[in-house]
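Encoded as structure tokens, the structure appears first; notes follow it.
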Amino acid sequence: MPPLLPKPSLLPRRGATSTLFRLFSSSTPNYKPQQQIPPESPLFINVPNPPQDQSVEALRELKPVKGHLPLPRTVFRQRDGHLKPTTPWLTRSAPEPTNAKSQLPPKSEIQAWKRRIAASRRENMREGVRALYARKQQFDRRRLAAQSAKLAAHRAAATAPEREDERLTRASINAGTLATTVLPDPQRFERALESQARTAAIAEARSEARRDAIQELYMKARSFIVDEASLEAEVDRLFAEDYWKKMGMSASGYEVRNIWDLDGRPRTVASMVDDMTRTSSTVVQNLETEKTRTLKRQKEVAEELTGGKLDGI
């Protein structure tokens with residue numbers, strides 16, 4: 001934000017300094033009045049501010065205008081607004097007196113004056129409503145004309161032909177670039193059939209995997225722990241001090257101390273190939289008989305055919 005300009009009254013007055021200098025000087029007075037505002041100051045040229053100026057300088061130098069203009073009421077806002085300037089509505093709004101006392105002639109000047117004032121108020125009310133409605137109609141006509149003119153101008157500008165200078169200075173564009181119509185894929189039906197087949201295959205694989213999981217869960221349900229006694233027995237068996245000693249010796253001939261010594265490392269493709277060719281580093285795998293291998297293969301084939309896990313080897 002730029003710095004605020006100082007008030008002219010706060011600027012140093014050079015005349016006062018010259019006056020003091022003249023009082024204490026013995027030379028011939030040669031006083032020339034000097035300007036209070038230097039030419040390089042923005043206040044050198046006096047530019048009057050409007051009464052409603054919102055600048056900081058105006059708010060600082062000028063007093064704010066007190067009061068505000070009231071917002072006009074919307075007299076004809078309701079649906080029956082067009083009926084207000086009619087005679088029946090005005091008659092109901094400001095009816096004439098109907099009592100018997102009002103029909104008698106006035107008994108004094110004050111009573112006659114009050115009747116004239118009441119009649120004047122009723123007449124002013126009628127004239128005011130009619131004048132307001134006429135002003136509203138005039139305002140509506142002007143607004144509709146302005147809207148129609150603006151709409152016509154916009155429509156004319158939108159539908160106007162291209163100017164000659166724009167046509168001559170326009171860059172050349174390939175006709176193929178301007179063709180943005182998206183043509184239908186000629187193989188869309190074949191693609192849809194292929195997508196349908198893929199979706200059906202995925203759904204079938206998921207269903208088969210779900211059935212296998214349910215079958216395996218059913219086969220393993222016999223060893224589930226369902227009571228506290230079974231849980232306690234299983235905890236005592238797994239956390240016994242001699243649990244690993246009961247497992248005997250590992251495949252390499254050492255004492256079993258953990259799960260890695262018991263089952264070995266996870267199997268890889270190379271280890272599977274070594275088992276098939278009997279070149280594994282594990283002696284137990286090399287000494288496995290053909291009967292045991294055949295039983296394992298038969299079990300895997302039966303599981304694939306039946307769609308479920310089997311007990312046994």
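Lettering and numbering for the structure tokens are positional, with chains as A, B, ... in the shown order, residues counted from 1 in each chain, and ligands counted from 1 in the shown order.
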- Message: Applying 12 Å and only C-alpha atoms, which residues near range 233-240 of chain A remain after dropping the ones on its own chain fewer than 5 positions away? List them as an NGL selection string.
- Response: :A and (223-228 or 245-247 or 258-259)
Selection to disk with C-alpha atoms, as an mmCIF file, in the first residue's frame:
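What follows is the written file out25.cif:
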data_model
loop_
_atom_site.group_PDB
_atom_site.id
_atom_site.type_symbol
_atom_site.label_atom_id
_atom_site.label_comp_id
_atom_site.auth_asym_id
_atom_site.auth_seq_id
_atom_site.Cartn_x
_atom_site.Cartn_y
_atom_site.Cartn_z
ATOM 1 C CA SER A 223 -9.347 -79.453 13.639
ATOM 2 C CA PHE A 224 -10.957 -76.197 14.749
ATOM 3 C CA ILE A 225 -10.734 -75.186 18.381
ATOM 4 C CA VAL A 226 -14.279 -74.800 19.666
ATOM 5 C CA ASP A 227 -13.911 -74.924 23.471
ATOM 6 C CA GLU A 228 -11.545 -73.748 26.169
ATOM 7 C CA LYS A 245 12.946 -81.913 20.557
ATOM 8 C CA LYS A 246 9.946 -84.124 19.838
ATOM 9 C CA MET A 247 10.283 -83.288 16.147
ATOM 10 C CA ASN A 258 12.865 -73.870 14.846
ATOM 11 C CA ILE A 259 10.412 -74.055 11.965
#
- Message: For the alpha helix (DSSP H) assignment from backbone DSSP, which residues of range 39-257 of chain A qualify? Please present them as a ChimeraX atom specification.
- Response: /A:56-61,87-93,100-103,109-159,164-169,175-178,188-220,228-238
- Item | d(CA of Thr159 in chain A, CA of Gln147 in chain A) in Å |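 Atom-to-atom, CA of Thr159 in chain A to CA of Gln147 in chain A, that is 18.1 Å.
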